[in-house]
>>> print(open('work-v4.txt').read())   # compact mmCIF, C-alpha atoms
# COMPACT_ATOMS: atom_id res chain seq x y z
CA MET A 1 97.34 86.97 0.37
CA LYS A 2 98.21 84.65 3.24
CA PRO A 3 100.88 85.84 5.71
CA VAL A 4 104.16 83.90 5.64
CA ILE A 5 105.94 82.44 8.70
CA ALA A 6 109.54 81.24 8.27
CA ILE A 7 110.96 78.68 10.70
CA VAL A 8 114.76 79.07 10.85
CA GLY A 9 117.70 78.15 13.05
CA ARG A 10 120.89 76.16 13.05
CA PRO A 11 120.74 72.45 12.14
CA ASN A 12 119.21 69.83 14.44
CA VAL A 13 117.26 72.08 16.80
CA GLY A 14 113.86 70.66 15.82
CA LYS A 15 112.64 72.99 13.07
CA SER A 16 111.06 70.23 11.01
CA MET A 17 109.32 68.76 14.03
CA LEU A 18 107.87 72.18 14.88
CA PHE A 19 106.80 72.58 11.25
CA ASN A 20 104.98 69.24 11.42
CA LYS A 21 103.28 70.28 14.66
CA LEU A 22 102.10 73.64 13.27
CA THR A 23 100.89 72.26 9.95
CA GLY A 24 99.40 69.09 11.41
CA ASN A 25 101.16 66.68 9.08
CA ARG A 26 104.40 64.80 8.49
CA THR A 27 105.51 66.58 5.32
CA ALA A 28 108.98 67.44 6.59
CA ILE A 29 111.49 64.65 7.11
CA VAL A 30 112.55 64.39 10.75
CA GLU A 31 115.88 62.79 11.60
CA ASP A 32 118.54 63.27 14.26
CA THR A 33 121.15 63.88 11.57
CA PRO A 34 121.97 67.61 11.31
CA GLY A 35 121.01 69.14 7.98
CA VAL A 36 118.54 66.47 6.90
CA THR A 37 116.08 69.15 5.71
CA ARG A 38 117.97 70.57 2.78
CA ASP A 39 115.10 72.10 0.86
CA ARG A 40 112.47 74.48 2.15
CA ILE A 41 109.18 72.75 2.90
CA TYR A 42 105.96 74.68 2.41
CA GLY A 43 102.73 74.15 4.33
CA GLU A 44 99.76 75.86 5.97
CA CYS A 45 98.95 76.58 9.60
CA GLU A 46 95.48 77.55 10.78
CA TRP A 47 95.21 79.42 14.07
CA ARG A 48 92.54 81.82 15.33
CA ASN A 49 90.51 81.16 12.16
CA ARG A 50 93.25 82.48 9.91
CA VAL A 51 95.52 80.47 7.60
CA ALA A 52 99.21 81.33 7.28
CA THR A 53 101.88 79.88 5.04
CA VAL A 54 104.69 78.17 6.96
CA ILE A 55 108.16 77.59 5.50
CA ASP A 56 110.49 75.02 7.04
CA THR A 57 114.08 75.82 6.10
CA GLY A 58 117.31 73.93 6.09
CA GLY A 59 119.53 74.78 9.03
CA ILE A 60 121.58 77.96 8.74
CA GLU A 61 125.30 77.46 9.19
CA PRO A 62 126.73 81.01 9.34
CA GLN A 63 130.24 79.79 8.55
CA ALA A 64 129.22 77.18 5.98
CA ASN A 65 132.15 75.56 4.19
CA THR A 66 130.59 72.91 1.98
CA GLU A 67 128.56 73.73 -1.13
CA ILE A 68 125.43 72.06 0.24
CA LEU A 69 125.55 74.03 3.50
CA LYS A 70 126.08 77.25 1.57
CA PHE A 71 123.01 76.54 -0.53
CA MET A 72 121.01 75.68 2.60
CA ARG A 73 121.99 79.03 4.11
CA GLU A 74 121.13 80.93 0.94
CA GLN A 75 117.72 79.28 0.65
CA ALA A 76 116.92 79.96 4.30
CA GLU A 77 117.74 83.62 3.72
CA ILE A 78 115.42 83.65 0.68
CA ALA A 79 112.63 82.25 2.87
CA VAL A 80 113.27 84.96 5.46
CA ARG A 81 113.06 87.69 2.83
CA HIS A 82 109.62 86.40 1.81
CA ALA A 83 108.37 86.04 5.40
CA ASP A 84 106.22 88.39 7.43
CA VAL A 85 107.21 86.78 10.74
CA ILE A 86 110.21 84.64 11.71
CA ILE A 87 110.42 81.88 14.33
CA LEU A 88 114.02 81.27 15.45
CA VAL A 89 114.23 77.75 16.89
CA THR A 90 116.91 76.98 19.49
CA ASP A 91 117.71 74.02 21.76
CA VAL A 92 117.44 74.31 25.55
CA THR A 93 119.61 71.20 26.05
CA VAL A 94 122.54 72.87 24.30
CA GLY A 95 122.03 76.49 25.33
CA VAL A 96 122.91 79.57 23.30
CA THR A 97 125.71 78.80 20.85
CA SER A 98 127.81 81.19 18.76
CA ALA A 99 125.89 79.91 15.72
CA ASP A 100 122.60 80.90 17.41
CA MET A 101 123.99 84.38 18.02
CA ASP A 102 125.12 84.71 14.40
CA VAL A 103 121.74 83.54 13.08
CA ALA A 104 119.86 85.92 15.41
CA ASN A 105 122.01 88.86 14.31
CA MET A 106 121.37 88.00 10.66
CA LEU A 107 117.61 87.77 11.24
CA LEU A 108 117.36 91.03 13.17
CA ARG A 109 118.94 92.88 10.25
CA PHE A 110 115.80 92.15 8.21
CA ARG A 111 113.77 94.30 10.66
CA LYS A 112 110.93 91.80 10.83
CA PRO A 113 109.27 90.34 13.96
CA VAL A 114 111.47 87.53 15.33
CA PHE A 115 110.22 85.10 18.00
CA VAL A 116 112.68 82.82 19.80
CA ALA A 117 111.29 79.32 20.31
CA VAL A 118 113.38 77.40 22.85
CA ASN A 119 112.72 73.80 21.89
CA LYS A 120 113.01 70.52 23.80
CA VAL A 121 111.46 71.90 26.99
CA ASP A 122 109.53 68.65 27.34
CA GLY A 123 108.48 68.96 30.97
CA ILE A 124 105.34 70.71 32.19
CA GLY A 125 105.47 73.24 34.99
CA ALA A 126 107.78 76.08 35.96
CA MET A 127 110.00 77.58 33.30
CA PRO A 128 113.49 76.06 33.50
CA PRO A 129 116.19 78.56 34.52
CA GLU A 130 118.13 77.79 31.34
CA ILE A 131 115.50 79.75 29.40
CA TYR A 132 116.82 83.11 30.63
CA GLU A 133 120.07 82.59 28.74
CA PHE A 134 118.15 83.00 25.48
CA TYR A 135 117.40 86.67 26.23
CA ASN A 136 121.00 87.20 25.07
CA LEU A 137 119.83 86.69 21.48
CA GLY A 138 118.26 90.16 21.59
CA ALA A 139 114.90 89.12 20.12
CA GLY A 140 112.68 89.65 23.16
CA ASP A 141 111.01 87.07 25.37
CA PRO A 142 111.93 83.45 24.58
CA TYR A 143 109.06 80.96 24.29
CA PRO A 144 109.69 77.53 25.85
CA ILE A 145 108.17 74.82 23.64
CA SER A 146 108.22 71.11 23.00
CA ALA A 147 107.83 70.50 19.28
CA LEU A 148 107.62 66.79 20.11
CA HIS A 149 104.67 67.06 22.50
CA GLY A 150 103.22 70.41 21.46
CA HIS A 151 103.72 72.13 24.82
CA GLY A 152 103.96 75.91 24.51
CA THR A 153 103.20 76.06 20.80
CA GLY A 154 99.85 77.76 21.47
CA ASP A 155 101.50 80.65 23.31
CA LEU A 156 104.07 80.92 20.52
CA LEU A 157 101.38 81.03 17.84
CA ASP A 158 99.38 83.62 19.79
CA ALA A 159 102.41 85.92 19.78
CA VAL A 160 103.12 85.25 16.11
CA TYR A 161 99.50 85.91 15.10
CA ASP A 162 99.39 89.09 17.19
CA ALA A 163 102.25 90.35 15.01
CA ILE A 164 100.53 89.18 11.82
CA GLU A 165 97.18 90.69 12.69
CA GLY A 166 98.76 93.99 13.63
CA GLU A 167 98.73 94.83 9.95
CA GLU A 168 95.32 95.13 8.30
CA GLU A 169 95.01 93.39 4.98
CA GLU A 170 94.79 95.94 2.21
CA GLU A 171 92.38 95.58 -0.64
CA GLU A 172 94.46 94.57 -3.64
CA GLU A 173 94.36 96.54 -6.85
CA ASP A 174 92.87 94.74 -9.83
CA HIS A 175 95.73 93.51 -11.98
CA GLY A 176 93.60 91.36 -14.26
CA ILE A 177 94.53 87.71 -14.71
CA SER A 178 97.62 86.70 -12.73
CA VAL A 179 99.87 84.32 -14.66
CA ALA A 180 102.76 82.44 -13.03
CA ILE A 181 105.56 81.20 -15.27
CA ILE A 182 106.72 77.99 -13.63
CA GLY A 183 109.16 75.23 -14.45
CA LYS A 184 112.64 73.99 -13.72
CA PRO A 185 115.68 76.27 -14.00
CA ASN A 186 116.86 77.19 -17.50
CA ALA A 187 113.57 76.23 -19.17
CA GLY A 188 113.30 79.78 -20.49
CA LYS A 189 111.03 81.47 -17.95
CA SER A 190 112.90 84.78 -17.93
CA SER A 191 113.30 84.72 -21.71
CA LEU A 192 109.53 84.35 -22.04
CA LEU A 193 108.91 87.32 -19.75
CA ASN A 194 111.39 89.42 -21.72
CA CYS A 195 109.69 88.44 -24.96
CA ILE A 196 106.29 89.38 -23.54
CA LEU A 197 107.51 92.74 -22.25
CA GLY A 198 109.54 93.53 -25.33
CA GLU A 199 112.44 94.62 -23.19
CA LYS A 200 115.36 93.01 -21.40
CA ARG A 201 113.95 93.48 -17.93
CA VAL A 202 115.17 90.16 -16.55
CA ILE A 203 118.76 88.98 -16.80
CA VAL A 204 118.85 86.00 -19.15
CA SER A 205 121.76 83.56 -19.05
CA ASP A 206 122.51 79.98 -19.97
CA ILE A 207 123.44 79.40 -16.33
CA PRO A 208 120.43 77.87 -14.53
CA GLY A 209 119.25 80.02 -11.66
CA THR A 210 120.34 83.42 -12.94
CA THR A 211 117.04 84.89 -11.77
CA ARG A 212 117.20 85.39 -7.99
CA ASP A 213 113.92 87.14 -7.21
CA SER A 214 110.35 86.87 -8.45
CA ILE A 215 109.41 89.70 -10.79
CA ASP A 216 105.88 90.92 -11.55
CA ALA A 217 104.99 92.77 -14.72
CA VAL A 218 101.56 94.12 -15.67
CA VAL A 219 100.70 93.94 -19.37
CA GLU A 220 97.53 95.32 -20.96
CA ASN A 221 96.58 94.54 -24.56
CA GLN A 222 93.58 93.71 -26.74
CA TYR A 223 92.97 90.55 -24.70
CA GLY A 224 92.78 92.34 -21.33
CA LYS A 225 95.06 92.99 -18.36
CA PHE A 226 97.61 90.42 -17.19
CA THR A 227 100.06 90.29 -14.29
CA TRP A 228 103.01 88.08 -15.20
CA ILE A 229 104.89 86.44 -12.33
CA ASP A 230 108.38 85.18 -13.17
CA THR A 231 109.54 82.57 -10.67
CA ALA A 232 113.23 82.59 -9.88
CA GLY A 233 115.51 79.75 -10.83
CA ILE A 234 118.50 78.50 -8.87
CA ARG A 235 122.17 77.94 -9.44
CA ARG A 236 123.32 74.41 -10.14
CA LYS A 237 126.67 72.82 -9.56
CA SER A 238 127.52 69.30 -10.61
CA LYS A 239 128.24 68.06 -7.10
CA VAL A 240 124.95 69.19 -5.63
CA ASP A 241 122.50 68.95 -8.54
CA GLU A 242 120.15 66.52 -6.84
CA THR A 243 119.83 68.56 -3.66
CA VAL A 244 119.90 72.01 -5.14
CA GLU A 245 117.25 71.37 -7.80
CA LYS A 246 114.69 71.11 -5.01
CA TYR A 247 115.31 74.70 -3.95
CA SER A 248 113.25 76.27 -6.73
CA VAL A 249 110.05 74.59 -5.54
CA LEU A 250 109.18 77.16 -2.85
CA ARG A 251 109.26 80.09 -5.27
CA ALA A 252 107.05 78.19 -7.69
CA LEU A 253 104.62 77.37 -4.87
CA MET A 254 104.39 80.95 -3.67
CA ALA A 255 103.88 82.15 -7.23
CA MET A 256 101.14 79.56 -7.73
CA ASP A 257 99.34 80.81 -4.62
CA ARG A 258 99.05 84.25 -6.22
CA ALA A 259 98.31 83.04 -9.74
CA ASP A 260 95.06 82.43 -11.58
CA VAL A 261 96.82 80.60 -14.42
CA CYS A 262 100.15 78.75 -14.50
CA VAL A 263 102.24 78.48 -17.66
CA LEU A 264 104.40 75.38 -17.23
CA MET A 265 107.60 75.75 -19.26
CA ILE A 266 109.06 72.53 -20.67
CA ASP A 267 112.44 72.52 -22.43
CA ALA A 268 111.80 70.90 -25.82
CA THR A 269 115.42 69.76 -26.05
CA GLU A 270 115.15 67.80 -22.78
CA GLY A 271 111.51 66.79 -22.59
CA VAL A 272 109.68 66.29 -19.30
CA THR A 273 112.10 65.86 -16.37
CA GLU A 274 111.50 64.67 -12.83
CA GLN A 275 111.49 68.24 -11.54
CA ASP A 276 108.92 69.21 -14.18
CA THR A 277 106.60 66.51 -12.85
CA LYS A 278 107.00 67.81 -9.28
CA VAL A 279 106.26 71.43 -10.17
CA ALA A 280 103.36 70.38 -12.40
CA GLY A 281 102.02 68.17 -9.61
CA TYR A 282 101.94 71.09 -7.19
CA ALA A 283 100.02 73.24 -9.68
CA HIS A 284 97.54 70.41 -10.27
CA GLU A 285 97.06 69.78 -6.54
CA LYS A 286 96.47 73.48 -5.95
CA GLY A 287 93.72 73.38 -8.55
CA LYS A 288 95.32 75.96 -10.82
CA ALA A 289 94.46 76.47 -14.47
CA ILE A 290 97.46 75.27 -16.49
CA ILE A 291 98.92 75.75 -19.96
CA ILE A 292 101.92 73.64 -20.99
CA ALA A 293 104.39 75.67 -23.06
CA ILE A 294 107.00 73.59 -24.90
CA ASN A 295 109.83 76.11 -25.23
CA LYS A 296 112.90 76.15 -27.51
CA TRP A 297 110.86 74.58 -30.29
CA ASP A 298 113.12 76.38 -32.78
CA LEU A 299 116.01 74.12 -31.66
CA VAL A 300 114.19 70.86 -32.38
CA GLU A 301 114.82 69.09 -35.68
CA LYS A 302 111.47 68.62 -37.38
CA GLU A 303 110.28 65.43 -39.05
CA THR A 304 106.85 64.16 -39.99
CA LYS A 305 104.41 64.71 -37.11
CA THR A 306 107.17 65.86 -34.74
CA MET A 307 104.72 68.11 -32.88
CA ASP A 308 102.13 65.32 -32.50
CA LYS A 309 104.76 62.93 -31.16
CA MET A 310 106.00 65.50 -28.63
CA ARG A 311 102.44 66.24 -27.51
CA GLU A 312 101.76 62.53 -27.00
CA LYS A 313 105.01 62.09 -25.06
CA VAL A 314 104.26 65.05 -22.76
CA TYR A 315 100.76 63.78 -22.00
CA THR A 316 102.22 60.34 -21.27
CA ASP A 317 104.77 61.77 -18.83
CA LEU A 318 102.23 64.15 -17.27
CA ALA A 319 99.22 61.83 -17.38
CA TYR A 320 97.29 63.86 -14.79
CA LEU A 321 97.52 67.01 -16.97
CA THR A 322 95.79 65.77 -20.11
CA TYR A 323 93.23 68.57 -19.62
CA ALA A 324 95.97 71.21 -20.06
CA PRO A 325 96.39 72.62 -23.59
CA ILE A 326 99.88 72.51 -25.11
CA ILE A 327 101.51 75.31 -27.10
CA PHE A 328 104.87 75.07 -28.88
CA ILE A 329 106.86 78.30 -28.57
CA SER A 330 110.28 79.88 -28.80
CA ALA A 331 110.77 82.55 -26.17
CA LYS A 332 114.00 83.51 -27.93
CA THR A 333 112.45 84.20 -31.36
CA GLY A 334 108.92 85.01 -30.18
CA GLN A 335 107.40 82.16 -32.19
CA ARG A 336 103.72 81.67 -31.16
CA VAL A 337 104.22 83.62 -27.90
CA PRO A 338 101.32 86.01 -28.71
CA ASN A 339 99.06 82.94 -28.98
CA LEU A 340 99.42 82.48 -25.22
CA TYR A 341 97.00 85.31 -24.46
CA PRO A 342 93.81 83.81 -25.95
CA MET A 343 94.72 80.47 -24.35
CA ILE A 344 95.15 82.15 -20.95
CA CYS A 345 91.78 83.86 -21.30
CA GLU A 346 90.15 80.56 -22.29
CA VAL A 347 91.50 78.44 -19.43
CA TYR A 348 90.79 81.25 -16.93
CA ALA A 349 87.20 81.44 -18.17
CA CYS A 350 86.88 77.65 -17.77
CA ALA A 351 88.32 77.72 -14.26
CA THR A 352 85.96 80.48 -13.10
CA ARG A 353 82.82 79.42 -14.94
CA ARG A 354 79.66 78.68 -12.98
CA ILE A 355 77.14 76.16 -14.31
CA THR A 356 73.55 76.18 -13.10
CA THR A 357 72.25 73.19 -11.16
CA GLY A 358 69.55 72.71 -13.78
CA MET A 359 72.05 72.39 -16.61
CA LEU A 360 74.25 70.07 -14.55
CA ASN A 361 71.44 67.69 -13.74
CA GLU A 362 70.21 67.61 -17.31
CA VAL A 363 73.68 66.47 -18.36
CA LEU A 364 73.87 64.09 -15.38
CA GLY A 365 70.58 62.46 -16.40
CA GLU A 366 71.78 61.90 -19.96
CA ALA A 367 75.15 60.56 -18.74
CA THR A 368 73.63 58.03 -16.32
CA ALA A 369 71.16 56.87 -19.00
CA LYS A 370 73.97 56.36 -21.47
CA VAL A 371 76.27 54.53 -19.03
CA GLN A 372 74.53 52.92 -16.08
CA PRO A 373 76.07 53.55 -12.62
CA PRO A 374 78.00 50.55 -11.23
CA THR A 375 76.60 47.84 -9.00
CA ASP A 376 78.19 45.78 -6.24
CA LYS A 377 76.67 42.60 -4.76
CA GLY A 378 73.31 43.44 -6.26
CA LYS A 379 73.25 47.02 -4.96
CA ARG A 380 73.27 49.74 -7.62
CA LEU A 381 74.70 53.20 -7.23
CA LYS A 382 71.96 55.82 -7.42
CA ILE A 383 72.95 59.39 -8.22
CA TYR A 384 70.32 61.91 -7.14
CA TYR A 385 71.68 65.25 -8.26
CA MET A 386 74.78 67.40 -8.75
CA THR A 387 75.51 71.03 -7.90
CA GLN A 388 78.50 73.34 -8.29
CA THR A 389 79.94 74.69 -5.04
CA GLY A 390 83.09 76.51 -6.12
CA ILE A 391 85.39 77.81 -8.85
CA SER A 392 89.16 77.85 -9.47
CA PRO A 393 88.98 74.92 -9.80
CA PRO A 394 85.35 74.10 -10.69
CA THR A 395 84.08 72.07 -7.74
CA PHE A 396 80.97 69.91 -7.86
CA VAL A 397 79.12 67.98 -5.15
CA VAL A 398 77.35 64.80 -6.24
CA PHE A 399 74.65 63.34 -3.97
CA CYS A 400 74.16 59.57 -4.10
CA ASN A 401 72.95 56.62 -2.07
CA SER A 402 76.42 55.16 -1.32
CA VAL A 403 79.88 56.68 -1.31
CA GLU A 404 81.44 53.21 -1.44
CA LEU A 405 79.66 52.32 -4.69
CA PHE A 406 80.94 55.47 -6.42
CA HIS A 407 83.91 53.94 -8.21
CA PHE A 408 86.79 56.09 -9.43
CA SER A 409 86.19 55.03 -13.01
CA TYR A 410 82.62 56.32 -12.94
CA ARG A 411 83.74 59.61 -11.41
CA ARG A 412 86.23 59.95 -14.27
CA TYR A 413 83.45 59.22 -16.77
CA LEU A 414 81.30 62.00 -15.30
CA GLU A 415 84.26 64.38 -15.25
CA ASN A 416 85.01 63.70 -18.91
CA THR A 417 81.33 64.23 -19.73
CA LEU A 418 81.35 67.64 -18.04
CA ARG A 419 84.51 68.60 -19.92
CA GLU A 420 83.03 67.57 -23.25
CA VAL A 421 79.58 69.11 -22.84
CA PHE A 422 80.68 72.41 -21.25
CA GLY A 423 84.04 72.72 -22.99
CA ILE A 424 86.05 72.75 -19.74
CA GLN A 425 89.77 72.68 -20.50
CA GLY A 426 92.95 73.82 -18.83
CA THR A 427 91.72 73.34 -15.26
CA PRO A 428 91.34 70.44 -12.83
CA ILE A 429 87.83 69.46 -11.78
CA ARG A 430 87.10 68.62 -8.16
CA MET A 431 84.24 66.24 -7.48
CA LEU A 432 82.97 65.67 -3.93
CA ILE A 433 80.79 62.62 -3.32
CA ARG A 434 78.20 62.88 -0.58
CA GLU A 435 75.54 60.50 0.62
CA LYS A 436 72.17 62.21 0.48
CA ASN A 437 71.28 61.66 4.11
CA ASP A 438 74.76 62.12 5.56
CA LYS A 439 76.02 65.69 5.45
CA THR A 440 79.35 64.77 7.02
CA ASP A 441 80.47 61.94 4.78
CA VAL A 442 82.25 63.74 1.99
CA ARG A 443 84.96 62.21 -0.15
CA ASP A 444 87.19 64.26 -2.41
CA MET A 445 87.57 62.17 -5.50
>>> encode(input="work-v4.txt", output="structure tokens")
Amino acid sequence: MKPVIAIVGRPNVGKSMLFNKLTGNRTAIVEDTPGVTRDRIYGECEWRNRVATVIDTGGIEPQANTEILKFMREQAEIAVRHADVIILVTDVTVGVTSADMDVANMLLRFRKPVFVAVNKVDGIGAMPPEIYEFYNLGAGDPYPISALHGHGTGDLLDAVYDAIEGEEEEEEEDHGISVAIIGKPNAGKSSLLNCILGEKRVIVSDIPGTTRDSIDAVVENQYGKFTWIDTAGIRRKSKVDETVEKYSVLRALMAMDRADVCVLMIDATEGVTEQDTKVAGYAHEKGKAIIIAINKWDLVEKETKTMDKMREKVYTDLAYLTYAPIIFISAKTGQRVPNLYPMICEVYACATRRITTGMLNEVLGEATAKVQPPTDKGKRLKIYYMTQTGISPPTFVVFCNSVELFHFSYRRYLENTLREVFGIQGTPIRMLIREKNDKTDVRDM
């Protein structure tokens, strides 16, 4: 499991800019307005040949008065609880403030390694004398950095990774297939886990966000061994719905990292919502095997072909998940919940299946004979062979004469052919296109 680094601090000290520098992208929104990062952003940092998860948090206001600031503080504290190492970002142009002291004291109570990054030291050369003031935070040596230019971030990361690598990774016990229950708050995730366990282990309430922490439960039955991961919801209040609904994303992401299969819970009484599409999109992008569980089916008034109409609507709203099987359940009554197990086993088997190069190329030959590869300006795409290079998700490399001629539509045709011939369902398929004589030109389709 990847180590987790949380970037915290009061608003407007440059946390998002440091996050962008460490992860090498512009995922986090950077503005001069304090508090612009209201949700936790999740990314990856690679340093010394090891990848760590980085969490960018909203600014901590120790004496928060507004509802939004309180939620920002709560979510930052959740990120800290999940972290192995904490980077406390401060601002050299402002100096140590009472808010910095309060945040440092809160962080040190967690008894985790804390590294003070003194940001906005944009000059190169001797350490400015203002740095020494930051020893007052009680977290050891401060590290002068410029998140804008990248100065000092290497020394900071060396210290952080020394702390991470101080603990040897333990070999994890086999817990069978790991299943993450994901979805928006109040979709019935905790109710499903309770139904599976046959006991009221998780507090279930009509108030979205009752579950505060992720809960794992190992279940063994005739289908095998399963580790169920319940992702926490969040509280909602009418004034801050739009902002607060984003806060559940980090937990879902971290659960997905650990999971082999994701069960996406959709509330049948509401249908697919915007937050459902975001969570589902993350699972798809991570290449996870997915089952769509339409929950609260007992509350839906049934007419002719009600189930077929709902299935069609879900696939329309989640067009990129048409490979994911749908099951209609009631976590409250237990309706069809046992049917999840064979589906989980099936999609897991599909996600981890390996297909021989010989079988792949036999199918490839039949597919290209049936539907000729495209041409452009008299030049025809020639596909030489295909081989599988990975699982979870199944990943295939296709060698051809021209990457540019390999149209998206033909890639989709080949993908659908693989699904049909080999019965691949419930998992994305990754297809890399490579020109036969160019080992560097690879395109993830």
>>> closest_residue(input="work-v4.txt", among="A:Ala159, A:Val337, A:Ala319, A:Val13", to="Val85 of chain A", atoms="all atoms listed in the file")
A:Ala159
>>> residues_around(input="work-v4.txt", residues="segment 128-142 of chain A", least_positions_apart="5", cutoff="6 Å", atoms="only C-alpha atoms", output="MDAnalysis selection string")
chainID A and resid 101 116:117
>>> write_last_selection(input="work-v4.txt", atoms="C-alpha atoms", output="JSON list (two decimals), in the frame of the given file")
[["chain", "number", "residue", "atom", "x", "y", "z"],
["A", 101, "MET", "CA", 123.99, 84.38, 18.02],
["A", 116, "VAL", "CA", 112.68, 82.82, 19.80],
["A", 117, "ALA", "CA", 111.29, 79.32, 20.31]]
>>> atom_distance(input="work-v4.txt", atom1="atom CA of Met254 of chain A", atom2="atom CA of Gln425 of chain A")
23.8 Å
>>> residues_around(input="work-v4.txt", residues="Leu360 of chain A", least_positions_apart="2", cutoff="9 Å", atoms="all atoms listed in the file", output="VMD selection string")
chain A and resid 355 to 358 362 to 365 385 to 388 418
>>> residues_around(input="work-v4.txt", residues="segment 290-300 of chain A", least_positions_apart="3", cutoff="8 Å", atoms="only C-alpha atoms", output="VMD selection string")
chain A and resid 187 to 188 261 to 269 283 to 284 324 to 333 343 to 344 347 426 to 427
>>> closest_residue(input="work-v4.txt", among="A:Leu197, A:Met106, A:Cys345, A:Ala367", to="Gln222 of chain A", atoms="all atoms listed in the file")
A:Cys345
>>> closest_residue(input="work-v4.txt", among="A:Ile7, A:Ile145, A:Leu22, A:Ile78", to="Thr57 of chain A", atoms="only C-alpha atoms")
A:Ile7
>>> residues_around(input="work-v4.txt", residues="Gly43 of chain A", least_positions_apart="4", cutoff="12 Å", atoms="all atoms listed in the file", output="VMD selection string")
chain A and resid 2 to 7 16 18 to 28 51 to 57 250 253 to 254 257 282
>>> write_last_selection(input="work-v4.txt", atoms="C-alpha atoms", output="PDB file, in the coordinates of the input")
ATOM      1  CA  LYS A   2      98.210  84.650   3.240  1.00  0.00           C
ATOM      2  CA  PRO A   3     100.880  85.840   5.710  1.00  0.00           C
ATOM      3  CA  VAL A   4     104.160  83.900   5.640  1.00  0.00           C
ATOM      4  CA  ILE A   5     105.940  82.440   8.700  1.00  0.00           C
ATOM      5  CA  ALA A   6     109.540  81.240   8.270  1.00  0.00           C
ATOM      6  CA  ILE A   7     110.960  78.680  10.700  1.00  0.00           C
ATOM      7  CA  SER A  16     111.060  70.230  11.010  1.00  0.00           C
ATOM      8  CA  LEU A  18     107.870  72.180  14.880  1.00  0.00           C
ATOM      9  CA  PHE A  19     106.800  72.580  11.250  1.00  0.00           C
ATOM     10  CA  ASN A  20     104.980  69.240  11.420  1.00  0.00           C
ATOM     11  CA  LYS A  21     103.280  70.280  14.660  1.00  0.00           C
ATOM     12  CA  LEU A  22     102.100  73.640  13.270  1.00  0.00           C
ATOM     13  CA  THR A  23     100.890  72.260   9.950  1.00  0.00           C
ATOM     14  CA  GLY A  24      99.400  69.090  11.410  1.00  0.00           C
ATOM     15  CA  ASN A  25     101.160  66.680   9.080  1.00  0.00           C
ATOM     16  CA  ARG A  26     104.400  64.800   8.490  1.00  0.00           C
ATOM     17  CA  THR A  27     105.510  66.580   5.320  1.00  0.00           C
ATOM     18  CA  ALA A  28     108.980  67.440   6.590  1.00  0.00           C
ATOM     19  CA  VAL A  51      95.520  80.470   7.600  1.00  0.00           C
ATOM     20  CA  ALA A  52      99.210  81.330   7.280  1.00  0.00           C
ATOM     21  CA  THR A  53     101.880  79.880   5.040  1.00  0.00           C
ATOM     22  CA  VAL A  54     104.690  78.170   6.960  1.00  0.00           C
ATOM     23  CA  ILE A  55     108.160  77.590   5.500  1.00  0.00           C
ATOM     24  CA  ASP A  56     110.490  75.020   7.040  1.00  0.00           C
ATOM     25  CA  THR A  57     114.080  75.820   6.100  1.00  0.00           C
ATOM     26  CA  LEU A 250     109.180  77.160  -2.850  1.00  0.00           C
ATOM     27  CA  LEU A 253     104.620  77.370  -4.870  1.00  0.00           C
ATOM     28  CA  MET A 254     104.390  80.950  -3.670  1.00  0.00           C
ATOM     29  CA  ASP A 257      99.340  80.810  -4.620  1.00  0.00           C
ATOM     30  CA  TYR A 282     101.940  71.090  -7.190  1.00  0.00           C
TER      31      TYR A 282
END
>>> atom_distance(input="work-v4.txt", atom1="atom CA of Gly224 of chain A", atom2="atom CA of Lys189 of chain A")
21.5 Å
>>> atom_distance(input="work-v4.txt", atom1="atom CA of Thr306 of chain A", atom2="atom CA of Thr277 of chain A")
21.9 Å
>>> residues_near_point(input="work-v4.txt", point="(73.1, 53.5, -11.9)", cutoff="12 Å", atoms="all atoms listed in the file", output="CSV table (one decimal) with C-alpha atoms, in the coordinates of the input")
chain,number,residue,atom,x,y,z
A,364,LEU,CA,73.9,64.1,-15.4
A,365,GLY,CA,70.6,62.5,-16.4
A,366,GLU,CA,71.8,61.9,-20.0
A,367,ALA,CA,75.2,60.6,-18.7
A,368,THR,CA,73.6,58.0,-16.3
A,369,ALA,CA,71.2,56.9,-19.0
A,370,LYS,CA,74.0,56.4,-21.5
A,371,VAL,CA,76.3,54.5,-19.0
A,372,GLN,CA,74.5,52.9,-16.1
A,373,PRO,CA,76.1,53.6,-12.6
A,374,PRO,CA,78.0,50.6,-11.2
A,375,THR,CA,76.6,47.8,-9.0
A,376,ASP,CA,78.2,45.8,-6.2
A,378,GLY,CA,73.3,43.4,-6.3
A,379,LYS,CA,73.2,47.0,-5.0
A,380,ARG,CA,73.3,49.7,-7.6
A,381,LEU,CA,74.7,53.2,-7.2
A,382,LYS,CA,72.0,55.8,-7.4
A,383,ILE,CA,73.0,59.4,-8.2
A,384,TYR,CA,70.3,61.9,-7.1
A,400,CYS,CA,74.2,59.6,-4.1
A,401,ASN,CA,73.0,56.6,-2.1
A,402,SER,CA,76.4,55.2,-1.3
A,405,LEU,CA,79.7,52.3,-4.7
A,406,PHE,CA,80.9,55.5,-6.4
A,407,HIS,CA,83.9,53.9,-8.2
A,410,TYR,CA,82.6,56.3,-12.9
>>> closest_residue(input="work-v4.txt", among="A:Met127, A:Leu192, A:Ile164, A:Ile391", to="Asp260 of chain A", atoms="all atoms listed in the file")
A:Ile391
>>> closest_residue(input="work-v4.txt", among="A:Ser178, A:Trp47, A:Asn194, A:Ala259", to="Glu220 of chain A", atoms="only C-alpha atoms")
A:Ser178
